[in-house]
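**Student:** The structure under discussion is supplied below as structure tokens; questions concerning it will follow.
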Amino acid sequence: MTVLRAVLKSRSGAVGLVLVGLLVLSALVSLVWTPYDPTLARPQDGWLLPFSGGHVLGTDRLGRDELSQLLAGARGTLLTALLAAAIAAVVGLTLALAAVLVPRWIGAVVVQLTDVLIAFPVLLIAMILTAVYGGSTWTVVTAVGVGAGVNLARVARAEAGRVLNTDYVLAAHAAGSGTWRTVRKHLLPNIAPTLVVQLSLVLSVAVLAEAALSFLGFGAPAPAISWGRMLHEQQQYIAARPLLVIWPGLAVAASVLGFNLLGDGLREAADARLRVREAADAGLRVREAS
Amino acid sequence: MTLYVLRRAALLVVSLLAASVLVFLVLRLLPGDIAQTIGGIKATPAQVAAVRHDLGLDRPLAAQYADWIGGVVTGDFGRSVLDGTSVSGQLAEKFAVTGPLAAGAVVLALAFAVPLGIVAAVRRESRLGGLVNAVGQFGIALPTLWVGLLLVLVFAVQVRWLPAQGFPVDGWAEPGQALRSLVLPWLTLALSEGAVLLRFVRSAVLDVLHQDWLRTARAKGHTRTGALVRHGLRNAAVPVVAVLGLQIAALVAGAVVVEQVFVLPGVGQMLITDVGNRDLDKVQGEILLLTGAVLVIGFLVDLAHRLIDPRLRSAV
Amino acid sequence: MRRTTALRLAATAVLTGLAATACGTGSTDDPANAGQTSQAAQPAAIDTGATVDVRLVLEPTSLDIASTAGAALDQILLDNVYQGLLTRDENNKIEPSLATSYETSPDGLTYTFHLAENATFHDGTKLTAADAVWSLQQVTAKGSKNPDAAALASVKSASAADDHTVVVTLKHRDTGFTWGLTGRAGIVFKKGTDFASLAGKENGTGPFKLSGWKRGSSLTFVRNDAYWGKKAKVAKVVFHYIKDDNAANNAQQTGQTDIETAADATLLQPFSDKSKYTVLRGDTTDKFTLAFNNASGPTKDVRVRRAIRRAIDNAGLIKALGGAAKPVGGPVPATDPGYEDLTAIDAHDPAAAKKLLQQAGYGDGLKLTVQIPNIYPTEIGDYLASELKQVGIQLTVRQVEFQTWLDAVYTKHDYQLSLVDHAEARDLYNFANPAYYFAYDNAKVQKWYAAAQTATGDAERDALLKKAAQQVSQDAAADWLFVSQTLTVVRSGVTGVPRNFTSNRYDLADLAVAKKK
């Protein structure tokens with residue numbers, strides 16, 4: 001609760017929370033109600049303009065209701081973002097802990113392997129997964145999660161290294177605290193704030209990456225709905241029906257903005273002195289465009 | 001310093017080898033192969049098997065890898081099985097599009113990210129600083145491909161100032177046309193890259209502004225801006241350079257999307273086509289060169305980092 | 001916070017303003033220029049130095065037309081660069097090419113071809129019967145890697161009677177033999193050509209020569225000024241490979257291309273000014289085929305297959321795609337021999353579909369997966385899922401790379417439903433071959449198809465093909481969603497543009513540009 005209050009105190013945190021709240025709300029509402037079945041194709045109602053035939057935002061070429069798709073798309077987008085963040089957390093934390101806790105030479109190998117993976121294009125991972133398993137939410141989530149995870153590993157490693165070298169951890173160790181006890185009692189609680197901030201950024205990266213991958217044809221196919229997929233399908237007709245492209249684009253932008261601002265709010269809350277962690281930022285922002 | 005460089009270089013070589021194994025194995029997971037591409041949907045299974053044998057695709061993986069890496073060590077990154085073109089030649093041809101695309105976007109991004117980032121930091125409490133920061137936040141949030149589509153709709157289709165897509169057939173032999181083809185892609189890519197950089201410049205400058213020595217400099221009679229220009233920017237440049245190095249990988253990925261939107265014949269488009277055709281001999285060469293480039297740039301950035309950061313210079 | 005909101009509002013205002021100006025410019029109903037089947041007569045004054053820029057969709061993977069499959073190679077290389085003994089006209093009628101005439105023996109087993117006496121290869125050498133015989137032998141030889149080898153499977157031997165006469169004998173009568181020669185199996189290469197060397201270049205006999213290939217973007221032909229026949233009317237043709245329909249439309253609107261093939265039917269509004277553009281509507285043999293695994297899984301049951309056919313409203317799909325397609329109801333398109341309208345068989349009837357499913361034991365619902373290569377519009381998969389949902393079938397769409405499709409569906413037959421465009425003309429044989437991925441095995445169909453192949457006349461052949469096609473449709477061996485039509489947008493002043501079957505071959509012989517006044 002104190003975290004929540006601290007987040008709300010910062011302007012960006014509050015705006016971020018509202019935007020993310022809207023995203024979550026849309027996703028939840030779409031579970032029980034949408035104006036129309038978002039997947040129902042009725043070609044005779046294709047390309048209706050907004051506010052005609054009971055369709056507030058109009059319909060696409062197959063006659064599917066745009067508003068219903070946007071609401072249902074929030075579900076797909078949120079799911080993608082959360083799953084990707086979960087995978088990133090597991091991958092990142094495992095690699096980071098492996099790097100700092102094992103004997104030095106193995107640690108060096110892990111560090112080097114992480115760097116190789118960071119240099120490996122996420123897009124390629126996505127393409128290969130898509131080729132092997134077919135495009136699905138899982139392929140997108142895995143590619144983005146692993147891509148963000150290796151970057152997270154770099155950040156978490158630096159942070160873990162810092163914490164392990166602090167006097168009190170060294171003292172605890174000297175006093176006979178076992179490795180796992182140190183990890184549980186000292187390491188994890190101390191790197192948690194950084195990780196949380198980073199994970200909020202992973203969420204925004206995942207939303208953008210889902211849009212980009214779906215656009216390139218590596219996204220989840222029917223009956224799944226996501227904003228990236230809507231962009232992919234509608235971009236062909238942007239000259240004839242630009243609004244059908246503009247809405248999902250704005251929805252993506254609002255969610256990404258929400259996650260980013262929330263991340264800023266969390267950071268400000270976690271670090272009142274506004275100490276800037278350039279390394280922390282560097283790791284994750286880079287994946288933006290992929 | 002020398003010891004550091006040597007150690008770092010050794011690590012680089014190990015990384016490159018690891019990358020080559022990784023690339024080779026991961027690509028072998030792909031279903032289907034080039035023999036099937038050549039045979040299409042009319043060739044009989046026997047015909048496809050014969051092609052597979054001719055190409056040596058039925059040999060053990062270790063032998064295929066040894067063959068490939070042997071060539072790489074001598075500078076031969078392989079050839080396309082389909083049309084016989086060399087990987088390095090094709091990459092050079094495509095890089096004539098992707099290189100200027102990425103480089104121009106970085107220059108453009110820096111051109112507005114650095115001044116705006118400094119403004120956003122120095123005038124943090126003011127309306128202007130807040131506005132610049134908000135623009136940066138918004139820029140990061142916009143999907144690159146969506147921005148590209150809208151730019152085409154407005155500037156190419158509606159007002160017709162610039163070409164909608166493609167690159168001149170004769171490439172840079174028509175410099176005017178080539179430049180015009182890249183304007184919208186540059187803007188698209190620079191917007192997202194610039195917004196990211198803006199945030200880094202801002203935080204780096206903010207960090208510097210909070211340092212004790214800057215307060216000392218001001219106490220000595222420098223104005224805030226004067227102190228920042230004299231002492232601060234060099235320090236603020238350290239993290240920004242580090243980020244720029246990391247951004248290279250992101251730029252390549254961003255370029256892939258932008259190339260698709262603007263139908264530019266660049267590296268990304270080639271990669272997608274080659275994976276689609278299962279021209280793995282070519283793909284593995286391309287990926288290794290790209291991954292290698294990112295690793296080498298990372299190596300160089302590390303060195304540059306040491307040179308401009310006085311605190312790191314003496315450390316081993 | 002107030003500032004951020006204001007900013008967002010401003011941005012939205014700009015975007016929606018833009019939207020408002022462009023809104024309503026692309027109505028689906030009654031497009032102003034929906035496509036015509038005739039084009040302007042060729043003007044008297046032709047600019048023989050003209051360059052024509054053409055949008056095509058799929059780029060060839062290689063130019064080795066003797067060993068690499070793909071319609072993209074046939075499309076540009078046949079007729080223009082390489083020529084066969086025979087060719088096809090705009091309506092798929094068989095016409096002479098390098099063979100100016102031929103005779104058939106009364107028993108139908110011996111064909112005598114008379115070659116053009118002045119034909120030359122691009123390298124300047126004269127074409128002789130020895131080249132033609134050698135080329136045919138490469139295709140028919142044991143272990144031939146020509147993907148089209150099956151087209152000449154009935155050939156027993158080929159020999160040169162003199163420098164300009166080729167005699168081919170067949171193992172049995174073959175009504176498809178001359179058709180086979182019009183495709184890539186009939187191409188005459190220079191004797192002794194190493195096919196591997198053709199991957200990036202060519203040595204043909206046609207009116208155009210390859211002058212450059214920028215992989216991933218464009219391919220350029222120049223006129224062969226030493227051509228042995230009627231020379232081409234334009235100096236240069238540049239093919240631009242643009243997959244995205246929106247990008248292609250933009251290119252045509254802004255004058256980057258003169259001809260846009262395969263235009264999207266719903267996006268024709270910018271081309272409604274008939275003084276600036278002609279829109280040609282042409283036929284294709286592109287059968288979008290929803291294949292059922294006839295050998296295993298739920299679709300082994302004919303009732304399930306029929307239920308799926310009855311559940312899908314093909315007319316609705318055609319409407320959604322802009323109307324540039326025709327329903328077909330069977331495996332033979334209107335431009336192929338053996339066609340008849342079979343749309344009445346298992347026509348759209350969701351109630352009947354539900355009943356069939358119930359009889360098959362799937363009254364409580366059925367889960368199926370369809371594999372669709374990602375080169376087709378994703379909306380087709382969306383539509384199928386929506387239609388099948390209404391009769392209780394939950395369809396999952398697996399969008400796969402074409403290579404993955406080849407591996408899983410085509411080679412391993414590991415699928416339930418699959419959707420691809422079978423673009424080949426006269427390909428009913430796939431339903432007479434139980435080893436094909438359809439795994440459709442009906443002895444009667446196989447017997448009729450074989451009899452059609454060895455029939456003594458076209459009428460007898462067509463009657464047999466019709467019987468076979470009808471049986472295939474009644475057994476619901478697949479669902480033929482539609483046969484596409486193809487739209488070509490042409491800038492005014494450009495004439496002689498191919499209209500039909502443009503994705504299979506693109507004959508540039510008549511292409512011309514009017515002189516600017």
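Residue numbering restarts at 1 in every chain; chains get A, B, ... in the order shown in the structure tokens, and ligands count up from 1 in that same order.
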Within 10 Å of range 36-51 of chain A, counting only C-alpha atoms, which residues show up once you throw out same-chain ones fewer than 4 positions away? Write them as a VMD selection string, please.
**Tutor:** (chain A and resid 30 55 to 73 222 to 225 240 to 241 243 to 244) or (chain C and resid 23 to 24 26 to 29 315 to 322 379 382 to 387 389 to 390)
**Student:** Neighbours of range 131-136 of chain B within 12 Å (only C-alpha atoms; same-chain residues fewer than 2 positions away dropped), as a PDB file with N, CA and C atoms, in the first residue's frame?
**Tutor:**
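Heads up, here's the output in out-v1.pdb:
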ATOM      1  N   ARG A  11       3.512  12.420 -10.547  1.00  0.00           N
ATOM      2  CA  ARG A  11       2.577  12.706 -11.614  1.00  0.00           C
ATOM      3  C   ARG A  11       2.572  11.586 -12.646  1.00  0.00           C
ATOM      4  N   SER A  12       3.775  11.176 -13.082  1.00  0.00           N
ATOM      5  CA  SER A  12       3.818  10.133 -14.111  1.00  0.00           C
ATOM      6  C   SER A  12       3.226   8.840 -13.590  1.00  0.00           C
ATOM      7  N   VAL A  15      -0.600   9.060 -13.796  1.00  0.00           N
ATOM      8  CA  VAL A  15      -1.097   8.923 -15.180  1.00  0.00           C
ATOM      9  C   VAL A  15      -0.914   7.489 -15.657  1.00  0.00           C
ATOM     10  N   LEU A 257       2.605   3.852 -23.104  1.00  0.00           N
ATOM     11  CA  LEU A 257       2.787   5.050 -22.301  1.00  0.00           C
ATOM     12  C   LEU A 257       2.450   4.748 -20.850  1.00  0.00           C
ATOM     13  N   ASN A 260       5.171   2.644 -19.241  1.00  0.00           N
ATOM     14  CA  ASN A 260       6.394   3.429 -19.053  1.00  0.00           C
ATOM     15  C   ASN A 260       6.247   4.405 -17.893  1.00  0.00           C
ATOM     16  N   LEU A 261       5.120   5.111 -17.864  1.00  0.00           N
ATOM     17  CA  LEU A 261       4.917   6.098 -16.799  1.00  0.00           C
ATOM     18  C   LEU A 261       4.820   5.402 -15.449  1.00  0.00           C
ATOM     19  N   ASP A 264       8.208   4.723 -14.382  1.00  0.00           N
ATOM     20  CA  ASP A 264       8.840   5.935 -13.852  1.00  0.00           C
ATOM     21  C   ASP A 264       8.367   6.199 -12.432  1.00  0.00           C
TER      22      ASP A 264
ATOM     23  N   ALA B 109      18.303  11.335 -34.931  1.00  0.00           N
ATOM     24  CA  ALA B 109      17.825  11.137 -33.560  1.00  0.00           C
ATOM     25  C   ALA B 109      18.679  11.936 -32.584  1.00  0.00           C
ATOM     26  N   PHE B 112      18.082  15.809 -32.518  1.00  0.00           N
ATOM     27  CA  PHE B 112      17.068  16.428 -31.664  1.00  0.00           C
ATOM     28  C   PHE B 112      17.046  15.885 -30.239  1.00  0.00           C
ATOM     29  N   ALA B 113      17.648  14.709 -30.032  1.00  0.00           N
ATOM     30  CA  ALA B 113      17.609  14.147 -28.683  1.00  0.00           C
ATOM     31  C   ALA B 113      18.567  14.884 -27.743  1.00  0.00           C
ATOM     32  N   VAL B 114      19.765  15.241 -28.224  1.00  0.00           N
ATOM     33  CA  VAL B 114      20.758  15.842 -27.325  1.00  0.00           C
ATOM     34  C   VAL B 114      20.301  17.229 -26.838  1.00  0.00           C
ATOM     35  N   PRO B 115      19.994  18.172 -27.761  1.00  0.00           N
ATOM     36  CA  PRO B 115      19.559  19.479 -27.248  1.00  0.00           C
ATOM     37  C   PRO B 115      18.282  19.390 -26.416  1.00  0.00           C
ATOM     38  N   LEU B 116      17.311  18.607 -26.892  1.00  0.00           N
ATOM     39  CA  LEU B 116      16.051  18.518 -26.153  1.00  0.00           C
ATOM     40  C   LEU B 116      16.253  17.838 -24.805  1.00  0.00           C
ATOM     41  N   GLY B 117      17.120  16.839 -24.785  1.00  0.00           N
ATOM     42  CA  GLY B 117      17.376  16.129 -23.537  1.00  0.00           C
ATOM     43  C   GLY B 117      18.007  17.053 -22.511  1.00  0.00           C
ATOM     44  N   ILE B 118      18.947  17.881 -22.968  1.00  0.00           N
ATOM     45  CA  ILE B 118      19.599  18.819 -22.049  1.00  0.00           C
ATOM     46  C   ILE B 118      18.570  19.828 -21.533  1.00  0.00           C
ATOM     47  N   VAL B 119      17.738  20.335 -22.460  1.00  0.00           N
ATOM     48  CA  VAL B 119      16.700  21.285 -22.053  1.00  0.00           C
ATOM     49  C   VAL B 119      15.788  20.649 -21.011  1.00  0.00           C
ATOM     50  N   ALA B 120      15.379  19.402 -21.314  1.00  0.00           N
ATOM     51  CA  ALA B 120      14.442  18.732 -20.410  1.00  0.00           C
ATOM     52  C   ALA B 120      15.041  18.559 -19.021  1.00  0.00           C
ATOM     53  N   ALA B 121      16.367  18.380 -18.947  1.00  0.00           N
ATOM     54  CA  ALA B 121      17.005  18.177 -17.655  1.00  0.00           C
ATOM     55  C   ALA B 121      17.226  19.504 -16.936  1.00  0.00           C
ATOM     56  N   VAL B 122      17.815  20.453 -17.659  1.00  0.00           N
ATOM     57  CA  VAL B 122      18.165  21.723 -17.032  1.00  0.00           C
ATOM     58  C   VAL B 122      16.912  22.474 -16.594  1.00  0.00           C
ATOM     59  N   ARG B 123      15.861  22.430 -17.460  1.00  0.00           N
ATOM     60  CA  ARG B 123      14.625  23.155 -17.125  1.00  0.00           C
ATOM     61  C   ARG B 123      13.576  22.182 -16.600  1.00  0.00           C
ATOM     62  N   ARG B 124      14.033  21.259 -15.780  1.00  0.00           N
ATOM     63  CA  ARG B 124      13.155  20.185 -15.360  1.00  0.00           C
ATOM     64  C   ARG B 124      11.892  20.668 -14.669  1.00  0.00           C
ATOM     65  N   GLU B 125      12.038  21.730 -13.881  1.00  0.00           N
ATOM     66  CA  GLU B 125      10.906  22.190 -13.093  1.00  0.00           C
ATOM     67  C   GLU B 125       9.951  23.054 -13.922  1.00  0.00           C
ATOM     68  N   SER B 126      10.393  23.473 -15.125  1.00  0.00           N
ATOM     69  CA  SER B 126       9.563  24.434 -15.876  1.00  0.00           C
ATOM     70  C   SER B 126       8.589  23.727 -16.794  1.00  0.00           C
ATOM     71  N   ARG B 127       7.675  24.523 -17.334  1.00  0.00           N
ATOM     72  CA  ARG B 127       6.684  24.050 -18.273  1.00  0.00           C
ATOM     73  C   ARG B 127       7.360  23.416 -19.499  1.00  0.00           C
ATOM     74  N   LEU B 128       8.387  24.115 -19.998  1.00  0.00           N
ATOM     75  CA  LEU B 128       9.083  23.668 -21.209  1.00  0.00           C
ATOM     76  C   LEU B 128       9.695  22.274 -21.002  1.00  0.00           C
ATOM     77  N   GLY B 129      10.396  22.143 -19.855  1.00  0.00           N
ATOM     78  CA  GLY B 129      11.030  20.857 -19.564  1.00  0.00           C
ATOM     79  C   GLY B 129      10.008  19.739 -19.499  1.00  0.00           C
ATOM     80  N   PHE B 138       5.856  10.164 -25.177  1.00  0.00           N
ATOM     81  CA  PHE B 138       4.893   9.816 -26.199  1.00  0.00           C
ATOM     82  C   PHE B 138       5.588   9.181 -27.405  1.00  0.00           C
ATOM     83  N   GLY B 139       6.739   9.741 -27.756  1.00  0.00           N
ATOM     84  CA  GLY B 139       7.490   9.220 -28.897  1.00  0.00           C
ATOM     85  C   GLY B 139       7.885   7.773 -28.704  1.00  0.00           C
ATOM     86  N   ILE B 140       8.259   7.433 -27.467  1.00  0.00           N
ATOM     87  CA  ILE B 140       8.649   6.045 -27.190  1.00  0.00           C
ATOM     88  C   ILE B 140       7.456   5.113 -27.367  1.00  0.00           C
ATOM     89  N   ALA B 141       6.274   5.636 -27.004  1.00  0.00           N
ATOM     90  CA  ALA B 141       5.096   4.767 -26.959  1.00  0.00           C
ATOM     91  C   ALA B 141       4.508   4.469 -28.339  1.00  0.00           C
ATOM     92  N   LEU B 142       4.826   5.287 -29.331  1.00  0.00           N
ATOM     93  CA  LEU B 142       4.191   5.087 -30.636  1.00  0.00           C
ATOM     94  C   LEU B 142       4.802   3.890 -31.367  1.00  0.00           C
ATOM     95  N   ALA B 190      13.924   7.586 -36.700  1.00  0.00           N
ATOM     96  CA  ALA B 190      14.512   8.582 -35.804  1.00  0.00           C
ATOM     97  C   ALA B 190      13.544   8.955 -34.695  1.00  0.00           C
ATOM     98  N   LEU B 191      12.261   8.890 -34.968  1.00  0.00           N
ATOM     99  CA  LEU B 191      11.294   9.270 -33.943  1.00  0.00           C
ATOM    100  C   LEU B 191      11.394   8.352 -32.731  1.00  0.00           C
ATOM    101  N   SER B 192      11.377   7.030 -33.006  1.00  0.00           N
ATOM    102  CA  SER B 192      11.419   6.117 -31.864  1.00  0.00           C
ATOM    103  C   SER B 192      12.806   6.111 -31.227  1.00  0.00           C
ATOM    104  N   GLU B 193      13.859   6.090 -32.067  1.00  0.00           N
ATOM    105  CA  GLU B 193      15.212   6.082 -31.516  1.00  0.00           C
ATOM    106  C   GLU B 193      15.482   7.369 -30.744  1.00  0.00           C
ATOM    107  N   GLY B 194      15.072   8.485 -31.340  1.00  0.00           N
ATOM    108  CA  GLY B 194      15.318   9.787 -30.734  1.00  0.00           C
ATOM    109  C   GLY B 194      14.624   9.913 -29.387  1.00  0.00           C
ATOM    110  N   ALA B 195      13.400   9.392 -29.326  1.00  0.00           N
ATOM    111  CA  ALA B 195      12.663   9.501 -28.074  1.00  0.00           C
ATOM    112  C   ALA B 195      13.367   8.713 -26.971  1.00  0.00           C
ATOM    113  N   VAL B 196      13.906   7.541 -27.337  1.00  0.00           N
ATOM    114  CA  VAL B 196      14.640   6.746 -26.359  1.00  0.00           C
ATOM    115  C   VAL B 196      15.888   7.499 -25.906  1.00  0.00           C
ATOM    116  N   LEU B 197      16.634   8.024 -26.885  1.00  0.00           N
ATOM    117  CA  LEU B 197      17.874   8.732 -26.561  1.00  0.00           C
ATOM    118  C   LEU B 197      17.600   9.974 -25.711  1.00  0.00           C
ATOM    119  N   LEU B 198      16.506  10.658 -26.053  1.00  0.00           N
ATOM    120  CA  LEU B 198      16.155  11.864 -25.301  1.00  0.00           C
ATOM    121  C   LEU B 198      16.070  11.549 -23.812  1.00  0.00           C
ATOM    122  N   ARG B 199      15.425  10.445 -23.490  1.00  0.00           N
ATOM    123  CA  ARG B 199      15.271  10.060 -22.106  1.00  0.00           C
ATOM    124  C   ARG B 199      16.624   9.798 -21.446  1.00  0.00           C
ATOM    125  N   PHE B 200      17.541   9.193 -22.213  1.00  0.00           N
ATOM    126  CA  PHE B 200      18.850   8.906 -21.642  1.00  0.00           C
ATOM    127  C   PHE B 200      19.654  10.168 -21.424  1.00  0.00           C
ATOM    128  N   VAL B 201      19.619  11.045 -22.430  1.00  0.00           N
ATOM    129  CA  VAL B 201      20.357  12.299 -22.295  1.00  0.00           C
ATOM    130  C   VAL B 201      19.834  13.041 -21.078  1.00  0.00           C
ATOM    131  N   ARG B 202      18.510  13.066 -20.951  1.00  0.00           N
ATOM    132  CA  ARG B 202      17.903  13.783 -19.834  1.00  0.00           C
ATOM    133  C   ARG B 202      18.380  13.194 -18.493  1.00  0.00           C
ATOM    134  N   SER B 203      18.304  11.865 -18.381  1.00  0.00           N
ATOM    135  CA  SER B 203      18.670  11.302 -17.082  1.00  0.00           C
ATOM    136  C   SER B 203      20.165  11.445 -16.824  1.00  0.00           C
TER     137      SER B 203
ATOM    138  N   MET C   1       0.227  16.819 -15.578  1.00  0.00           N
ATOM    139  CA  MET C   1      -0.786  15.876 -16.048  1.00  0.00           C
ATOM    140  C   MET C   1      -1.686  16.543 -17.077  1.00  0.00           C
ATOM    141  N   ARG C   2      -2.057  17.789 -16.792  1.00  0.00           N
ATOM    142  CA  ARG C   2      -2.903  18.520 -17.725  1.00  0.00           C
ATOM    143  C   ARG C   2      -2.204  18.652 -19.082  1.00  0.00           C
ATOM    144  N   ARG C   3      -0.904  18.907 -18.998  1.00  0.00           N
ATOM    145  CA  ARG C   3      -0.157  19.105 -20.241  1.00  0.00           C
ATOM    146  C   ARG C   3      -0.120  17.833 -21.082  1.00  0.00           C
ATOM    147  N   THR C   4       0.098  16.727 -20.412  1.00  0.00           N
ATOM    148  CA  THR C   4       0.152  15.461 -21.151  1.00  0.00           C
ATOM    149  C   THR C   4      -1.168  15.217 -21.878  1.00  0.00           C
ATOM    150  N   THR C   5      -2.271  15.491 -21.156  1.00  0.00           N
ATOM    151  CA  THR C   5      -3.581  15.250 -21.750  1.00  0.00           C
ATOM    152  C   THR C   5      -3.789  16.148 -22.958  1.00  0.00           C
ATOM    153  N   ALA C   6      -3.416  17.419 -22.790  1.00  0.00           N
ATOM    154  CA  ALA C   6      -3.596  18.370 -23.885  1.00  0.00           C
ATOM    155  C   ALA C   6      -2.821  17.904 -25.109  1.00  0.00           C
ATOM    156  N   LEU C   7      -1.637  17.438 -24.843  1.00  0.00           N
ATOM    157  CA  LEU C   7      -0.797  16.979 -25.935  1.00  0.00           C
ATOM    158  C   LEU C   7      -1.450  15.804 -26.667  1.00  0.00           C
ATOM    159  N   ARG C   8      -1.955  14.892 -25.865  1.00  0.00           N
ATOM    160  CA  ARG C   8      -2.573  13.731 -26.469  1.00  0.00           C
ATOM    161  C   ARG C   8      -3.787  14.130 -27.307  1.00  0.00           C
ATOM    162  N   ALA C  10      -4.266  16.973 -28.773  1.00  0.00           N
ATOM    163  CA  ALA C  10      -3.810  17.636 -29.999  1.00  0.00           C
ATOM    164  C   ALA C  10      -3.427  16.583 -31.042  1.00  0.00           C
ATOM    165  N   ALA C  11      -2.687  15.588 -30.586  1.00  0.00           N
ATOM    166  CA  ALA C  11      -2.239  14.543 -31.508  1.00  0.00           C
ATOM    167  C   ALA C  11      -3.439  13.815 -32.104  1.00  0.00           C
TER     168      ALA C  11
END
**Student:** Going by DSSP on the backbone, which residues of range 43-200 of chain A come out as alpha helix (DSSP H)? List them as a PyMOL selection string.
**Tutor:** chain A and resi 66-101+104-119+122-133+137-164+167-174+179-182+188-200
**Student:** What are the closest atom pairs, with distances in Å to one decimal, for each residue of chain B lying within 6 Å of chain C, using only C-alpha atoms, rows by chain and rising residue number, as JSON lines?
**Tutor:**
{"residue": "B:Pro31", "atom": "CA", "partner": "C:Thr404", "partner_atom": "CA", "distance": 5.5}
{"residue": "B:Gly32", "atom": "CA", "partner": "C:Asp407", "partner_atom": "CA", "distance": 4.8}
{"residue": "B:Ile38", "atom": "CA", "partner": "C:Thr68", "partner_atom": "CA", "distance": 4.5}
{"residue": "B:Gly39", "atom": "CA", "partner": "C:Ala69", "partner_atom": "CA", "distance": 5.3}
{"residue": "B:Gly40", "atom": "CA", "partner": "C:Ala69", "partner_atom": "CA", "distance": 4.9}
{"residue": "B:Lys42", "atom": "CA", "partner": "C:Pro147", "partner_atom": "CA", "distance": 5.7}
{"residue": "B:Ala43", "atom": "CA", "partner": "C:Pro147", "partner_atom": "CA", "distance": 4.5}
{"residue": "B:Gln47", "atom": "CA", "partner": "C:Lys145", "partner_atom": "CA", "distance": 5.7}
{"residue": "B:Leu82", "atom": "CA", "partner": "C:Ser62", "partner_atom": "CA", "distance": 5.6}
{"residue": "B:Asp83", "atom": "CA", "partner": "C:Ala199", "partner_atom": "CA", "distance": 4.6}
{"residue": "B:Ala164", "atom": "CA", "partner": "C:Asn250", "partner_atom": "CA", "distance": 5.9}
{"residue": "B:Pro265", "atom": "CA", "partner": "C:Gly216", "partner_atom": "CA", "distance": 5.3}
**Student:** Would you kindly report the residues of chain B within 8 Å of chain A, using only C-alpha atoms, as a ChimeraX atom specification?
**Tutor:** /B:11,15-16,18-19,26-27,29-31,137-138,140-146,149,153,192,196,200,203-204,206-207,239,242-243,246-247,249-251,253-254,257,260,291-292,294-295
**Student:** If I take CA of Leu83 in chain A and CA of Gly276 in chain B, how far is one from the other in Å, to one decimal?
**Tutor:**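 CA of Gly276 in chain B lies 27.6 Å from CA of Leu83 in chain A.
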**Student:** Given only C-alpha atoms as the basis, pick out the residue of A:Ala172, A:Thr166, A:Leu19, A:Val91 nearest to chain C.
**Tutor:** A:Leu19
**Student:** Can you measure CA of Lys230 in chain C to CA of Tyr277 in chain C for me? One decimal in Å is fine.
**Tutor:**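 Interatomic distance, CA of Lys230 in chain C to CA of Tyr277 in chain C: 27.7 Å.
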**Student:** Determine, counting only C-alpha atoms, which protein, DNA and RNA residues have an atom within 9 Å of an atom of Leu366 in chain C; residues of the same chain fewer than 5 positions away are not included. Present the result as a PyMOL selection string.
**Tutor:** chain C and resi 298+357+392-395
**Student:** Taking only C-alpha atoms into account, name the residue in A:Ser10, A:Asp167, A:Leu82, A:Trp33 that is nearest to chain C.
**Tutor:** A:Ser10
**Student:** What gap, in Å, lies between CA of Pro373 in chain C and CA of Ala265 in chain C?
**Tutor:** 21.4 Å
**Student:** Could you give me, as a ChimeraX atom specification, each residue of range 64-263 of chain C that DSSP assigns to strand (DSSP E) when run on this structure's backbone?
**Tutor:** /C:86-88,94-96,99-104,110-115,155-162,165-170,208-214,218-223,236-241,259-260
**Student:** For a quick check of understanding, using only C-alpha atoms, which of A:Val18, A:Val169, A:Leu199, A:Ala6 has the smallest distance to chain C?
**Tutor:**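 The answer is A:Val18, which sits nearest to chain C.
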**Student:** Would you mind listing what lies within 9 Å of Leu151 in chain B as a ChimeraX atom specification, with only C-alpha atoms counted and same-chain residues fewer than 3 positions away left out?
**Tutor:** /B:146-148,154-156,184,187-188
**Student:** Do a neighbour search on Met270 in chain B at 9 Å with only C-alpha atoms, toss out local chain neighbours closer than 3 positions, and write the hits as a list of chain:residue names.
**Tutor:**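 Counting only C-alpha atoms, the residues come to B:Gln90, B:Leu91, B:Lys94, B:Pro265, B:Gly266, B:Val267, B:Thr273, B:Asp274, B:Val275, C:Arg215, C:Gly216.
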**Student:** Measuring atom to atom with only C-alpha atoms, identify which of A:Ala88, A:Ala27, A:Val3, A:Ala14 is nearest to chain C.
**Tutor:**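 Going through A:Ala88, A:Ala27, A:Val3, A:Ala14 one by one, the smallest distance to chain C is for A:Ala14.
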